[in-house]
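Text of start.cif (mmCIF, C-alpha atoms) as supplied:
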data_work
#
loop_
_atom_site.label_atom_id
_atom_site.label_comp_id
_atom_site.auth_asym_id
_atom_site.auth_seq_id
_atom_site.Cartn_x
_atom_site.Cartn_y
_atom_site.Cartn_z
CA MET W 1 138.83 178.14 50.46
CA ALA W 2 137.41 179.93 47.41
CA ILE W 3 139.40 177.75 44.99
CA THR W 4 138.34 174.56 46.78
CA ALA W 5 134.68 175.63 46.80
CA SER W 6 134.72 176.54 43.12
CA SER W 7 136.40 173.20 42.32
CA VAL W 8 133.62 171.33 44.14
CA MET W 9 131.00 173.20 42.13
CA LEU W 10 132.80 172.53 38.85
CA LEU W 11 133.26 168.84 39.65
CA ALA W 12 129.56 168.55 40.50
CA MET W 13 128.62 170.03 37.13
CA VAL W 14 131.00 167.77 35.20
CA ASP W 15 129.88 164.66 37.08
CA LEU W 16 126.17 165.36 36.63
CA ALA W 17 126.61 166.16 32.96
CA PHE W 18 128.93 163.35 31.82
CA VAL W 19 129.96 160.79 34.45
CA ASN W 20 127.19 160.34 37.07
CA ALA W 21 129.67 158.79 39.50
CA LEU W 22 128.07 160.29 42.63
CA PRO W 23 124.35 160.72 43.35
CA PRO W 24 122.92 164.26 43.21
CA VAL W 25 122.01 164.12 46.90
CA LEU W 26 125.68 163.73 47.83
CA TRP W 27 126.74 166.60 45.60
CA SER W 28 123.99 168.75 47.06
CA GLY W 29 125.19 168.00 50.59
CA LEU W 30 128.78 168.83 49.65
CA LEU W 31 127.71 172.13 48.10
CA LEU W 32 125.70 173.04 51.20
CA LEU W 33 128.67 172.19 53.42
CA VAL W 34 131.03 174.28 51.31
CA GLY W 35 128.60 177.20 51.29
CA LEU W 36 128.26 176.98 55.07
CA CYS W 37 132.05 177.04 55.51
CA ILE W 38 132.35 180.08 53.24
CA ALA W 39 129.55 181.88 55.09
CA MET W 40 131.18 181.20 58.47
CA ARG W 41 134.55 182.42 57.23
CA LEU W 42 132.97 185.52 55.71
CA GLY W 43 131.12 186.26 58.96
CA SER W 44 134.31 186.00 61.01
CA ARG W 45 136.09 188.36 58.62
CA LEU W 46 133.27 190.90 58.76
CA LYS W 47 133.41 190.86 62.56
CA LYS W 48 137.15 191.47 62.63
CA LYS W 49 137.16 194.39 60.18
CA PRO W 50 135.17 196.96 62.26
CA THR W 51 137.36 196.45 65.33
CA ALA W 52 140.57 196.73 63.33
CA ARG W 53 139.26 199.82 61.54
CA ALA W 54 138.31 201.46 64.84
CA MET W 55 141.80 200.82 66.25
CA THR W 56 143.46 202.36 63.20
CA THR W 57 141.21 205.42 62.92
CA LEU W 58 141.45 206.41 66.61
CA PRO W 59 145.09 207.67 66.47
CA GLU W 60 144.32 209.48 63.21
CA LYS W 61 141.44 211.34 64.84
CA VAL W 62 143.62 212.35 67.78
CA LEU W 63 146.35 213.58 65.42
CA ILE W 64 143.88 215.56 63.31
CA SER W 65 142.32 217.20 66.36
CA ALA W 66 145.76 218.10 67.72
CA THR W 67 146.92 219.66 64.45
CA THR W 68 143.73 221.62 63.95
CA ALA W 69 143.90 222.96 67.50
CA HIS W 70 147.41 224.39 66.97
CA SER W 71 146.97 225.50 63.34
CA PRO W 72 146.49 229.20 62.44
CA ALA W 73 143.08 230.54 61.62
CA HIS W 74 143.90 231.44 58.02
CA ASN W 75 144.49 227.77 57.20
CA SER W 76 140.86 226.88 57.91
CA MET W 77 139.76 227.73 54.39
CA ASP W 78 142.51 225.57 52.89
CA SER W 79 141.64 222.67 55.15
CA THR W 80 137.93 222.85 54.33
CA ALA W 81 138.69 223.02 50.60
CA GLU W 82 141.07 220.11 50.89
CA SER W 83 138.57 218.06 52.88
CA SER W 84 135.82 218.76 50.38
CA SER W 85 138.10 217.70 47.54
CA LEU W 86 138.88 214.50 49.40
CA GLU W 87 135.20 213.81 50.02
CA ARG W 88 134.26 213.98 46.36
CA PRO W 89 135.94 210.70 45.33
CA THR W 90 134.38 209.02 48.34
CA GLU W 91 130.90 210.16 47.34
CA TRP W 92 131.53 209.11 43.75
CA HIS W 93 132.86 205.79 45.02
CA LYS W 94 129.71 205.17 47.05
CA ALA W 95 127.53 206.01 44.04
CA ARG W 96 128.65 202.80 42.33
CA PRO W 97 126.39 199.70 42.47
CA PHE W 98 128.68 197.97 44.99
CA PRO W 99 130.68 200.37 47.22
CA HIS W 100 132.31 197.39 48.96
CA LEU W 101 133.02 195.27 45.89
CA GLY W 102 134.99 192.46 47.51
CA ARG W 103 132.47 192.02 50.32
CA SER W 104 129.51 192.07 47.92
CA SER W 105 131.10 189.51 45.62
CA ALA W 106 131.92 187.23 48.57
CA ILE W 107 128.35 187.40 49.89
CA LEU W 108 126.89 186.64 46.46
CA SER W 109 129.31 183.77 45.97
CA ALA W 110 128.33 182.31 49.35
CA ALA W 111 124.65 182.60 48.39
CA ALA W 112 125.34 180.80 45.11
CA TYR W 113 126.22 177.49 46.79
CA PRO W 114 122.81 176.72 48.37
CA ILE W 115 121.21 177.76 45.08
CA MET W 116 123.52 175.37 43.26
CA ALA W 117 122.67 172.60 45.76
CA TRP W 118 118.99 173.19 45.04
CA GLN W 119 119.71 173.05 41.30
CA VAL W 120 121.50 169.72 41.74
CA LEU W 121 118.54 168.23 43.61
CA ASN W 122 116.15 169.52 40.96
CA HIS W 123 118.38 168.07 38.25
CA GLY W 124 118.37 164.68 39.97
CA ALA W 125 114.59 164.78 40.40
CA HIS W 126 114.08 165.47 36.68
CA HIS W 127 116.28 162.53 35.75
CA ALA W 128 114.50 160.28 38.22
CA VAL W 129 111.12 161.21 36.76
CA GLY W 130 112.44 160.78 33.22
CA SER W 131 113.76 157.30 33.95
CA GLY W 132 110.74 156.19 36.01
CA VAL W 133 108.38 153.71 34.37
CA GLY W 134 105.03 152.31 35.35
CA ALA W 135 101.73 153.75 36.51
CA HIS W 136 102.98 154.42 40.01
CA ALA W 137 105.79 156.64 38.72
CA VAL W 138 103.41 158.54 36.45
CA HIS W 139 100.91 159.05 39.28
CA GLN W 140 103.64 160.24 41.62
CA HIS W 141 104.94 162.62 38.96
CA HIS W 142 101.50 164.19 38.49
CA GLY W 143 101.03 164.46 42.25
CA GLN W 144 104.28 166.40 42.61
CA ALA W 145 103.86 168.55 39.49
CA PHE W 146 102.76 171.67 41.38
CA ASP W 147 105.54 171.41 43.96
CA GLY W 148 108.12 170.81 41.24
CA SER W 149 106.97 173.79 39.17
CA LEU W 150 106.99 176.05 42.24
CA ALA W 151 110.49 174.94 43.19
CA SER W 152 111.70 175.41 39.61
CA SER W 153 110.27 178.93 39.53
CA VAL W 154 111.97 179.87 42.79
CA ILE W 155 115.27 178.41 41.60
CA THR W 156 115.03 180.24 38.27
CA LEU W 157 114.32 183.61 39.92
CA SER W 158 117.18 183.09 42.39
CA VAL W 159 119.59 182.17 39.60
CA ILE W 160 118.61 185.21 37.53
CA ALA W 161 118.97 187.61 40.47
CA VAL W 162 122.30 186.27 41.75
CA SER W 163 123.77 185.89 38.24
CA LEU W 164 122.89 189.47 37.32
CA LEU W 165 124.40 190.81 40.54
CA LEU W 166 127.55 188.75 40.00
CA ALA W 167 127.77 190.06 36.44
CA LEU W 168 127.55 193.62 37.78
CA CYS W 169 130.33 192.79 40.23
CA ALA W 170 132.43 191.48 37.35
CA VAL W 171 131.89 194.66 35.32
CA GLN W 172 132.73 196.87 38.28
CA ALA W 173 135.82 194.77 39.05
CA LEU W 174 136.90 195.25 35.42
CA THR W 175 136.56 199.03 35.72
CA ARG W 176 138.60 198.95 38.94
CA LYS W 177 141.27 196.78 37.28
CA ARG W 178 140.77 193.78 39.57
CA PRO W 179 140.95 190.85 37.13
CA THR W 180 140.98 188.11 39.78
CA LEU W 181 137.70 189.28 41.28
CA MET W 182 136.24 189.79 37.82
CA PHE W 183 136.98 186.20 36.71
CA GLU W 184 135.73 184.83 40.04
CA SER W 185 132.38 186.65 39.82
CA LEU W 186 131.97 185.91 36.12
CA GLY W 187 132.81 182.24 36.58
CA MET W 188 130.30 181.86 39.41
CA ALA W 189 127.55 183.52 37.36
CA THR W 190 128.39 181.31 34.36
CA MET W 191 128.26 178.09 36.40
CA LEU W 192 124.89 179.02 37.90
CA THR W 193 123.45 179.83 34.48
CA VAL W 194 124.80 176.68 32.82
CA MET W 195 123.54 174.48 35.64
CA GLN W 196 120.08 176.03 35.35
CA PHE W 197 119.72 175.00 31.70
CA MET W 198 121.56 171.68 31.95
CA HIS W 199 119.25 168.66 31.64
#

Once more with this new file: its structure as structure tokens, please.
Amino acid sequence: MAITASSVMLLAMVDLAFVNALPPVLWSGLLLLVGLCIAMRLGSRLKKKPTARAMTTLPEKVLISATTAHSPAHNSMDSTAESSSLERPTEWHKARPFPHLGRSSAILSAAAYPIMAWQVLNHGAHHAVGSGVGAHAVHQHHGQAFDGSLASSVITLSVIAVSLLLALCAVQALTRKRPTLMFESLGMATMLTVMQFMH
């Protein structure tokens, strides 16, 4: 699903930049559809994880309670020291920008598709205004100037925010030695940035 979605985004960029085989409205609809599919799949995965985690942690809790109930008293200090040493990496792990790196990257990637669809529509509108001739086209352009500038500002802020967060995900994935996730986050941030400045 991720490879197919990224391919759709890349094909949209190449077509809008060089070929112009499909209209921007169609590419925008395809990007929205792909983003919706990714969001639905991500939501189903997030719903399955807590139930699976609860089923796996329940026997561990029973085993820990049984062993601590039958353990001698002088082992309490060792167990507390061991538990504190095990908690330190967890606290350091949560101190990172994205404690759940894969989930954060997937959410940001899903949010990138409606932003990209909006960019495609804005790109098509700019080309339509640039190719429009006559007084009616000029009057319509001036009438929609405020709405166009507001939409462009919102798109620009969204692209900056999502691209920066994806870049942080890429850096954190590099430090955790997860090259696939790093290239995925970096590629998504690059495509958003290039599409923003492509005219």

Measuring between all atoms listed in the file, which one of W:Thr4, W:Gln172, W:Gln196, W:Gln119 shows the shortest distance to Phe98 (chain W)?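 Closest to Phe98 (chain W), using all atoms listed in the file: W:Gln172.
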
Target residues per the PyMOL selection byres ((chain W and resi 191) around 10), formatted as a list in words: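 That selection, the PyMOL selection byres ((chain W and resi 191) around 10), comes back as Ser6, Met9, Leu10, Met13, Ala112, Met116, Ser163, Leu186, Gly187, Met188, Ala189, Thr190, Leu192, Thr193, Val194, Met195 and Gln196 of chain W.
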
Excluding same-chain residues fewer than 4 positions from Ala21 (chain W), what lies within 10 Å of it counting all atoms listed in the file, as JSON, numbers by chain? {"W": [12, 15, 16]}

In Å to one decimal, how far is CA of Arg45 (chain W) from CA of Val162 (chain W)?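 CA of Val162 (chain W) sits 21.9 Å away from CA of Arg45 (chain W).
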
Identify which of the residues W:Ser44, W:Ser185, W:Thr156, W:Ser28 lies closest to Pro114 (chain W), counting all atoms listed in the file when measuring atom-to-atom distances. W:Ser28

Report as number ranges by chain the residues that result from applying the PyMOL selection byres ((chain W and resi 174-177) around 12) to the structure here. W: 93, 96, 98-102, 167-173, 178-186

Just the number, please: distance in Å from CA of Gly35 (chain W) to CA of Ala110 (chain W), one decimal.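 The value is 5.5 Å.
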
So that I can see what lies close to Trp118 (chain W), please list as a ChimeraX atom specification the residues with an atom at most 12 Å from it, counting only C-alpha atoms and leaving out residues fewer than 4 positions away in the same chain. /W:24-32,111-114,122-125,148,151-156,158-159,192,195-196

Size and centre in Å, one decimal, axis-aligned box, all listed region 31-36 of chain W atoms plus 5 Å per side, as JSON:
{"center_x": 128.4, "center_y": 174.7, "center_z": 51.6, "size_x": 15.3, "size_y": 15.1, "size_z": 17.0}

Answer as a list in words, residues within 6 Å of (135.3, 176.5, 44.8) using all atoms listed in the file: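 Checking each residue against the 6 Å limit leaves Ala2, Ile3, Thr4, Ala5, Ser6, Ser7 and Val8 of chain W.
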
What gap, in Å, lies between CA of Ile160 (chain W) and CA of Leu42 (chain W)?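 Between CA of Ile160 (chain W) and CA of Leu42 (chain W) the gap is 23.2 Å.
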
Pick from W:Leu33, W:Ala39, W:Ile115, W:Leu11: nearest to Leu157 (chain W), with all atoms listed in the file counted?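 Answer, going by the shortest atom-to-atom distance: W:Ile115.
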